[in-house]
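S.K.: What follows is coords_18.cif; its format and atoms are mmCIF, C-alpha atoms.
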data_target
loop_
_atom_site.group_PDB
_atom_site.id
_atom_site.type_symbol
_atom_site.label_atom_id
_atom_site.label_comp_id
_atom_site.auth_asym_id
_atom_site.auth_seq_id
_atom_site.Cartn_x
_atom_site.Cartn_y
_atom_site.Cartn_z
ATOM 1 C CA MET W 1 0.000 0.000 0.000
ATOM 2 C CA VAL W 2 1.338 3.448 -0.964
ATOM 3 C CA ASP W 3 0.454 6.797 0.622
ATOM 4 C CA GLY W 4 -0.672 9.783 -1.455
ATOM 5 C CA ASP W 5 2.873 11.185 -1.536
ATOM 6 C CA GLY W 6 4.283 7.967 -2.997
ATOM 7 C CA ALA W 7 6.133 6.850 0.142
ATOM 8 C CA GLN W 8 5.667 3.383 1.591
ATOM 9 C CA PRO W 9 4.085 3.427 5.050
ATOM 10 C CA ALA W 10 6.179 1.971 7.858
ATOM 11 C CA PRO W 11 5.212 -1.553 8.890
ATOM 12 C CA PRO W 12 3.331 -1.721 12.210
ATOM 13 C CA ALA W 13 6.094 -3.811 13.853
ATOM 14 C CA ILE W 14 8.675 -1.086 13.159
ATOM 15 C CA LEU W 15 6.366 1.611 14.534
ATOM 16 C CA ALA W 16 5.663 -0.473 17.644
ATOM 17 C CA GLY W 17 9.401 -0.755 18.345
ATOM 18 C CA SER W 18 9.934 2.927 17.550
ATOM 19 C CA TRP W 19 7.705 4.242 20.311
ATOM 20 C CA GLN W 20 9.361 1.897 22.821
ATOM 21 C CA THR W 21 12.811 3.052 21.695
ATOM 22 C CA ALA W 22 11.739 6.700 21.952
ATOM 23 C CA MET W 23 10.391 6.105 25.454
ATOM 24 C CA PHE W 24 13.605 4.331 26.531
ATOM 25 C CA LEU W 25 15.866 7.051 25.103
ATOM 26 C CA GLY W 26 13.678 9.742 26.652
ATOM 27 C CA ALA W 27 13.842 8.101 30.074
ATOM 28 C CA ALA W 28 17.621 7.624 29.794
ATOM 29 C CA THR W 29 18.124 11.253 28.731
ATOM 30 C CA LEU W 30 15.873 12.466 31.566
ATOM 31 C CA ILE W 31 17.784 10.376 34.137
ATOM 32 C CA LEU W 32 21.133 11.615 32.781
ATOM 33 C CA GLY W 33 19.822 15.184 33.013
ATOM 34 C CA LEU W 34 18.758 14.659 36.632
ATOM 35 C CA ILE W 35 22.158 13.212 37.548
ATOM 36 C CA VAL W 36 24.086 16.044 35.875
ATOM 37 C CA THR W 37 21.776 18.707 37.353
ATOM 38 C CA LEU W 38 21.907 17.327 40.892
ATOM 39 C CA HIS W 39 25.669 16.641 40.802
ATOM 40 C CA PRO W 40 27.304 19.041 38.305
ATOM 41 C CA THR W 41 30.761 18.984 39.910
ATOM 42 C CA THR W 42 30.860 15.189 40.103
ATOM 43 C CA SER W 43 29.632 14.922 36.510
ATOM 44 C CA VAL W 44 32.381 17.227 35.270
ATOM 45 C CA ASN W 45 34.925 15.240 37.293
ATOM 46 C CA VAL W 46 33.741 12.031 35.614
ATOM 47 C CA ILE W 47 34.188 13.674 32.204
ATOM 48 C CA ALA W 48 37.676 14.817 33.246
ATOM 49 C CA VAL W 49 38.638 11.291 34.346
ATOM 50 C CA LEU W 50 37.228 9.827 31.118
ATOM 51 C CA LEU W 51 39.305 12.338 29.152
ATOM 52 C CA GLY W 52 42.420 11.204 31.026
ATOM 53 C CA ILE W 53 41.588 7.538 30.403
ATOM 54 C CA LEU W 54 41.077 8.301 26.712
ATOM 55 C CA MET W 55 44.530 9.906 26.551
ATOM 56 C CA ILE W 56 46.141 6.907 28.285
ATOM 57 C CA LEU W 57 44.419 4.412 25.959
ATOM 58 C CA SER W 58 45.448 6.456 22.939
ATOM 59 C CA GLY W 59 49.022 6.498 24.213
ATOM 60 C CA ILE W 60 49.008 2.729 24.715
ATOM 61 C CA PHE W 61 47.684 2.293 21.174
ATOM 62 C CA HIS W 62 50.543 4.421 19.831
ATOM 63 C CA LEU W 63 53.089 2.480 21.903
ATOM 64 C CA ILE W 64 51.780 -0.843 20.573
ATOM 65 C CA ARG W 65 52.189 0.434 17.009
ATOM 66 C CA VAL W 66 55.890 1.068 17.752
ATOM 67 C CA PHE W 67 56.491 -2.701 17.600
ATOM 68 C CA ASP W 68 55.160 -2.942 14.028
ATOM 69 C CA THR W 69 58.302 -3.146 11.880
ATOM 70 C CA ALA W 70 56.353 -1.950 8.824
ATOM 71 C CA GLU W 71 55.472 1.316 10.573
ATOM 72 C CA PRO W 72 57.598 4.114 9.038
ATOM 73 C CA HIS W 73 57.452 6.558 11.986
ATOM 74 C CA ARG W 74 58.083 4.291 14.962
ATOM 75 C CA VAL W 75 60.166 6.820 16.891
ATOM 76 C CA TRP W 76 57.478 9.510 16.632
ATOM 77 C CA LEU W 77 54.778 7.014 17.585
ATOM 78 C CA GLY W 78 56.787 6.091 20.673
ATOM 79 C CA ILE W 79 57.283 9.727 21.685
ATOM 80 C CA THR W 80 53.609 10.508 21.045
ATOM 81 C CA GLY W 81 52.474 7.426 22.952
ATOM 82 C CA LEU W 82 54.595 8.309 25.977
ATOM 83 C CA LEU W 83 53.347 11.914 25.929
ATOM 84 C CA PHE W 84 49.709 10.780 25.735
ATOM 85 C CA VAL W 85 50.175 8.401 28.679
ATOM 86 C CA VAL W 86 51.881 11.093 30.781
ATOM 87 C CA ILE W 87 49.241 13.697 29.884
ATOM 88 C CA GLY W 88 46.473 11.197 30.699
ATOM 89 C CA VAL W 89 47.952 10.460 34.118
ATOM 90 C CA VAL W 90 48.335 14.199 34.822
ATOM 91 C CA LEU W 91 44.728 14.850 33.752
ATOM 92 C CA ILE W 92 43.434 12.131 36.079
ATOM 93 C CA ARG W 93 45.747 13.058 38.963
ATOM 94 C CA HIS W 94 45.018 16.797 38.807
ATOM 95 C CA LEU W 95 41.281 17.107 38.205
ATOM 96 C CA HIS W 96 41.281 20.846 38.940
ATOM 97 C CA LEU W 97 43.694 21.326 36.033
ATOM 98 C CA THR W 98 41.582 19.158 33.731
ATOM 99 C CA ARG W 99 38.402 21.009 34.697
ATOM 100 C CA SER W 100 40.102 24.325 33.980
ATOM 101 C CA LEU W 101 41.352 23.075 30.609
ATOM 102 C CA ILE W 102 37.873 21.882 29.614
ATOM 103 C CA GLY W 103 36.376 25.245 30.610
ATOM 104 C CA LEU W 104 39.145 27.134 28.827
ATOM 105 C CA ILE W 105 38.638 25.148 25.609
ATOM 106 C CA ILE W 106 34.885 25.796 25.734
ATOM 107 C CA GLY W 107 35.497 29.513 26.369
ATOM 108 C CA ILE W 108 37.998 29.870 23.525
ATOM 109 C CA THR W 109 35.671 27.973 21.176
ATOM 110 C CA TRP W 110 32.801 30.329 22.007
ATOM 111 C CA ILE W 111 35.046 33.372 21.548
ATOM 112 C CA VAL W 112 36.140 32.195 18.085
ATOM 113 C CA GLN W 113 32.552 31.291 17.179
ATOM 114 C CA GLY W 114 31.305 34.675 18.385
ATOM 115 C CA LEU W 115 33.972 36.580 16.479
ATOM 116 C CA ALA W 116 33.227 34.649 13.289
ATOM 117 C CA ALA W 117 29.488 35.333 13.611
ATOM 118 C CA LEU W 118 30.081 39.012 14.395
ATOM 119 C CA ILE W 119 32.435 39.458 11.448
ATOM 120 C CA GLY W 120 29.977 37.682 9.154
ATOM 121 C CA GLY W 121 27.066 39.782 10.400
ATOM 122 C CA ILE W 122 28.858 43.120 10.377
ATOM 123 C CA SER W 123 30.752 42.678 7.100
ATOM 124 C CA GLY W 124 27.573 41.966 5.204
ATOM 125 C CA GLY W 125 28.631 38.465 4.193
ATOM 126 C CA VAL W 126 25.335 37.260 5.643
ATOM 127 C CA ARG W 127 22.351 38.958 4.061
ATOM 128 C CA GLU W 128 19.393 37.247 5.669
ATOM 129 C CA GLY W 129 19.072 37.440 9.418
ATOM 130 C CA ARG W 130 22.031 39.772 9.749
ATOM 131 C CA ALA W 131 20.836 41.120 13.086
ATOM 132 C CA TRP W 132 20.520 37.588 14.481
ATOM 133 C CA TRP W 133 24.096 36.783 13.477
ATOM 134 C CA ILE W 134 25.308 39.933 15.224
ATOM 135 C CA ILE W 135 23.275 39.163 18.366
ATOM 136 C CA PHE W 136 24.424 35.529 18.347
ATOM 137 C CA GLY W 137 28.038 36.594 17.813
ATOM 138 C CA ALA W 138 27.938 39.128 20.639
ATOM 139 C CA ALA W 139 26.281 36.659 23.043
ATOM 140 C CA SER W 140 28.760 33.915 22.150
ATOM 141 C CA LEU W 141 31.695 36.305 22.527
ATOM 142 C CA ILE W 142 30.520 37.532 25.949
ATOM 143 C CA ALA W 143 29.809 33.984 27.165
ATOM 144 C CA GLY W 144 33.190 32.797 25.853
ATOM 145 C CA ILE W 145 35.046 35.582 27.648
ATOM 146 C CA ALA W 146 33.149 34.868 30.885
ATOM 147 C CA VAL W 147 33.976 31.156 30.693
ATOM 148 C CA ALA W 148 37.621 31.755 29.674
ATOM 149 C CA VAL W 149 38.180 34.173 32.577
ATOM 150 C CA THR W 150 36.873 31.734 35.211
ATOM 151 C CA PRO W 151 36.952 28.329 33.502
ATOM 152 C CA ALA W 152 36.750 26.064 36.562
ATOM 153 C CA SER W 153 33.817 27.760 38.288
ATOM 154 C CA SER W 154 31.884 28.352 35.044
ATOM 155 C CA LEU W 155 32.067 24.661 34.250
ATOM 156 C CA ASP W 156 29.676 23.827 37.090
ATOM 157 C CA VAL W 157 27.163 26.351 35.742
ATOM 158 C CA LEU W 158 27.553 24.908 32.230
ATOM 159 C CA ALA W 159 27.050 21.381 33.603
ATOM 160 C CA LEU W 160 23.915 22.537 35.426
ATOM 161 C CA LEU W 161 22.536 24.095 32.233
ATOM 162 C CA LEU W 162 23.423 20.958 30.276
ATOM 163 C CA GLY W 163 21.616 18.816 32.847
ATOM 164 C CA ILE W 164 18.497 20.972 32.579
ATOM 165 C CA TRP W 165 18.715 20.750 28.767
ATOM 166 C CA PHE W 166 18.951 16.926 28.978
ATOM 167 C CA MET W 167 15.874 16.830 31.229
ATOM 168 C CA VAL W 168 13.882 18.968 28.780
ATOM 169 C CA MET W 169 15.025 16.784 25.865
ATOM 170 C CA GLY W 170 14.113 13.631 27.786
ATOM 171 C CA VAL W 171 10.615 14.906 28.519
ATOM 172 C CA PHE W 172 10.098 15.794 24.844
ATOM 173 C CA GLU W 173 11.364 12.346 23.760
ATOM 174 C CA ILE W 174 8.972 10.662 26.190
ATOM 175 C CA ILE W 175 6.076 12.779 24.910
ATOM 176 C CA GLY W 176 7.083 11.899 21.343
ATOM 177 C CA GLY W 177 7.134 8.210 22.271
ATOM 178 C CA LEU W 178 3.668 8.458 23.818
ATOM 179 C CA LEU W 179 2.339 10.244 20.726
ATOM 180 C CA LEU W 180 3.889 7.582 18.495
ATOM 181 C CA ARG W 181 2.346 4.859 20.658
ATOM 182 C CA GLN W 182 -1.036 6.537 20.320
ATOM 183 C CA ALA W 183 -0.602 6.702 16.524
ATOM 184 C CA VAL W 184 0.341 2.991 16.385
ATOM 185 C CA ARG W 185 -2.720 2.031 18.404
ATOM 186 C CA ALA W 186 -4.968 4.198 16.242
ATOM 187 C CA LYS W 187 -3.514 2.547 13.112
ATOM 188 C CA GLU W 188 -4.062 -0.904 14.606
ATOM 189 C CA MET W 189 -7.691 -0.013 15.360
ATOM 190 C CA THR W 190 -8.321 1.080 11.758
ATOM 191 C CA HIS W 191 -6.916 -2.202 10.398
ATOM 192 C CA VAL W 192 -9.172 -4.360 12.618
#
Produce structure tokens that represent the structure in this file.
M.R.:
Amino acid sequence: MVDGDGAQPAPPAILAGSWQTAMFLGAATLILGLIVTLHPTTSVNVIAVLLGILMILSGIFHLIRVFDTAEPHRVWLGITGLLFVVIGVVLIRHLHLTRSLIGLIIGITWIVQGLAALIGGISGGVREGRAWWIIFGAASLIAGIAVAVTPASSLDVLALLLGIWFMVMGVFEIIGGLLLRQAVRAKEMTHV
């Protein structure tokens, strides 16, 4: 059976699984949002530790590649691997430093993004929505400077905002799952 727009309708079994998947993802996102909102400092610390573990694993991978005789840059792989392992250990051992680095990277990213949007809006490179680009650029620039000036303390605020955003997203995903479930049931009723 083909709809009026020529697209094949989704089979009922796929739709039935879709609403359950949407509900599961919504609940998981909501729970993650609650955890991050209630414990922003701990959540950022977990991210910092995971970043350190990622660096260590990457370093180990590079060190393993040193033993491949076909590898043309074995010396550089060894140096890189050792540096990654050392940096990973430092990031895990000194969480305050890692938190500050994460905040600083976010702040610098927002500053660059804000400057690019401002330049695009002011120079006339963007014709439509020029005012929005200027407003977005200014807001991003101000937020980036605020985060870059106090990276460690702003990270908790950012984590709190991220947690709230996850909760909102989770609620919307759950609502979407319920609406999809209702549509599946209505479709099943029309086929009976």
S.K.: If the PyMOL selection byres ((chain W and resi 174) around 12) is run on the structure shown, which residues does it catch, given as a PDB file with C-alpha atoms, in the coordinates of the input?
M.R.:
ATOM      1  CA  SER W  18       9.934   2.927  17.550  1.00  0.00           C
ATOM      2  CA  TRP W  19       7.705   4.242  20.311  1.00  0.00           C
ATOM      3  CA  GLN W  20       9.361   1.897  22.821  1.00  0.00           C
ATOM      4  CA  THR W  21      12.811   3.052  21.695  1.00  0.00           C
ATOM      5  CA  ALA W  22      11.739   6.700  21.952  1.00  0.00           C
ATOM      6  CA  MET W  23      10.391   6.105  25.454  1.00  0.00           C
ATOM      7  CA  PHE W  24      13.605   4.331  26.531  1.00  0.00           C
ATOM      8  CA  LEU W  25      15.866   7.051  25.103  1.00  0.00           C
ATOM      9  CA  GLY W  26      13.678   9.742  26.652  1.00  0.00           C
ATOM     10  CA  ALA W  27      13.842   8.101  30.074  1.00  0.00           C
ATOM     11  CA  ALA W  28      17.621   7.624  29.794  1.00  0.00           C
ATOM     12  CA  THR W  29      18.124  11.253  28.731  1.00  0.00           C
ATOM     13  CA  LEU W  30      15.873  12.466  31.566  1.00  0.00           C
ATOM     14  CA  ILE W  31      17.784  10.376  34.137  1.00  0.00           C
ATOM     15  CA  MET W 167      15.874  16.830  31.229  1.00  0.00           C
ATOM     16  CA  VAL W 168      13.882  18.968  28.780  1.00  0.00           C
ATOM     17  CA  MET W 169      15.025  16.784  25.865  1.00  0.00           C
ATOM     18  CA  GLY W 170      14.113  13.631  27.786  1.00  0.00           C
ATOM     19  CA  VAL W 171      10.615  14.906  28.519  1.00  0.00           C
ATOM     20  CA  PHE W 172      10.098  15.794  24.844  1.00  0.00           C
ATOM     21  CA  GLU W 173      11.364  12.346  23.760  1.00  0.00           C
ATOM     22  CA  ILE W 175       6.076  12.779  24.910  1.00  0.00           C
ATOM     23  CA  GLY W 176       7.083  11.899  21.343  1.00  0.00           C
ATOM     24  CA  GLY W 177       7.134   8.210  22.271  1.00  0.00           C
ATOM     25  CA  LEU W 178       3.668   8.458  23.818  1.00  0.00           C
ATOM     26  CA  LEU W 179       2.339  10.244  20.726  1.00  0.00           C
ATOM     27  CA  LEU W 180       3.889   7.582  18.495  1.00  0.00           C
ATOM     28  CA  ARG W 181       2.346   4.859  20.658  1.00  0.00           C
TER      29      ARG W 181
END
S.K.: Could you write out as number ranges by chain the residues that the PyMOL selection byres ((chain W and resi 53) around 9) matches in the shown file?
M.R.: W: 48-52, 54-58, 85, 88-89, 91-92
S.K.: Give me, as JSON, numbers by chain, all polymer residues having an atom no more than 8 Å from Gly144 of chain W, counting only C-alpha atoms and skipping those fewer than 6 positions away in the same chain.
M.R.: {"W": [106, 107, 108, 109, 110, 111, 114]}
S.K.: So, counting only C-alpha atoms, which residue among W:Gly81, W:Glu188, W:Ala138, W:Ile47 is closest to Leu63 of chain W?
M.R.: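 Checking each of W:Gly81, W:Glu188, W:Ala138, W:Ile47 against Leu63 of chain W, counting only C-alpha atoms, the winner is W:Gly81.
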S.K.: Taking 4 positions as the minimum chain separation for residues in the same chain, which residues sit within 12 Å of Thr42 of chain W when counting only C-alpha atoms? Answer as a CSV table (one decimal) with C-alpha atoms, in the coordinates of the input.
M.R.:
chain,number,residue,atom,x,y,z
W,35,ILE,CA,22.2,13.2,37.5
W,36,VAL,CA,24.1,16.0,35.9
W,37,THR,CA,21.8,18.7,37.4
W,38,LEU,CA,21.9,17.3,40.9
W,46,VAL,CA,33.7,12.0,35.6
W,47,ILE,CA,34.2,13.7,32.2
W,48,ALA,CA,37.7,14.8,33.2
W,49,VAL,CA,38.6,11.3,34.3
W,95,LEU,CA,41.3,17.1,38.2
W,96,HIS,CA,41.3,20.8,38.9
W,99,ARG,CA,38.4,21.0,34.7
W,155,LEU,CA,32.1,24.7,34.2
W,156,ASP,CA,29.7,23.8,37.1
W,159,ALA,CA,27.0,21.4,33.6
W,160,LEU,CA,23.9,22.5,35.4
S.K.: What gap, in Å, lies between atom CA of His94 of chain W and atom CA of Gly59 of chain W?
M.R.: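 Atom-to-atom, atom CA of His94 of chain W and atom CA of Gly59 of chain W are spaced 18.3 Å apart.
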S.K.: Please list as a list in words every residue within 10 Å of Leu118 of chain W, counting only C-alpha atoms and excluding residues in the same chain fewer than 4 positions away.
M.R.: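 Listing them by chain and then by number gives Val112, Gln113, Gly114, Ile122, Ser123, Gly124, Arg130, Ala131, Trp132, Trp133, Ile134, Ile135, Phe136, Gly137, Ala138, Ala139, Ser140 and Leu141 of chain W.
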S.K.: Quick check, in Å to one decimal: how far apart do atom CA of Pro40 of chain W and atom CA of Gly163 of chain W lie?
M.R.: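 Straight-line distance from atom CA of Pro40 of chain W to atom CA of Gly163 of chain W works out to 7.9 Å.
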S.K.: So how far away is atom CA of Ile87 of chain W from atom CA of Ile60 of chain W, in Å?
M.R.: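 Computed distance, atom CA of Ile60 of chain W to atom CA of Ile87 of chain W, equals 12.1 Å.
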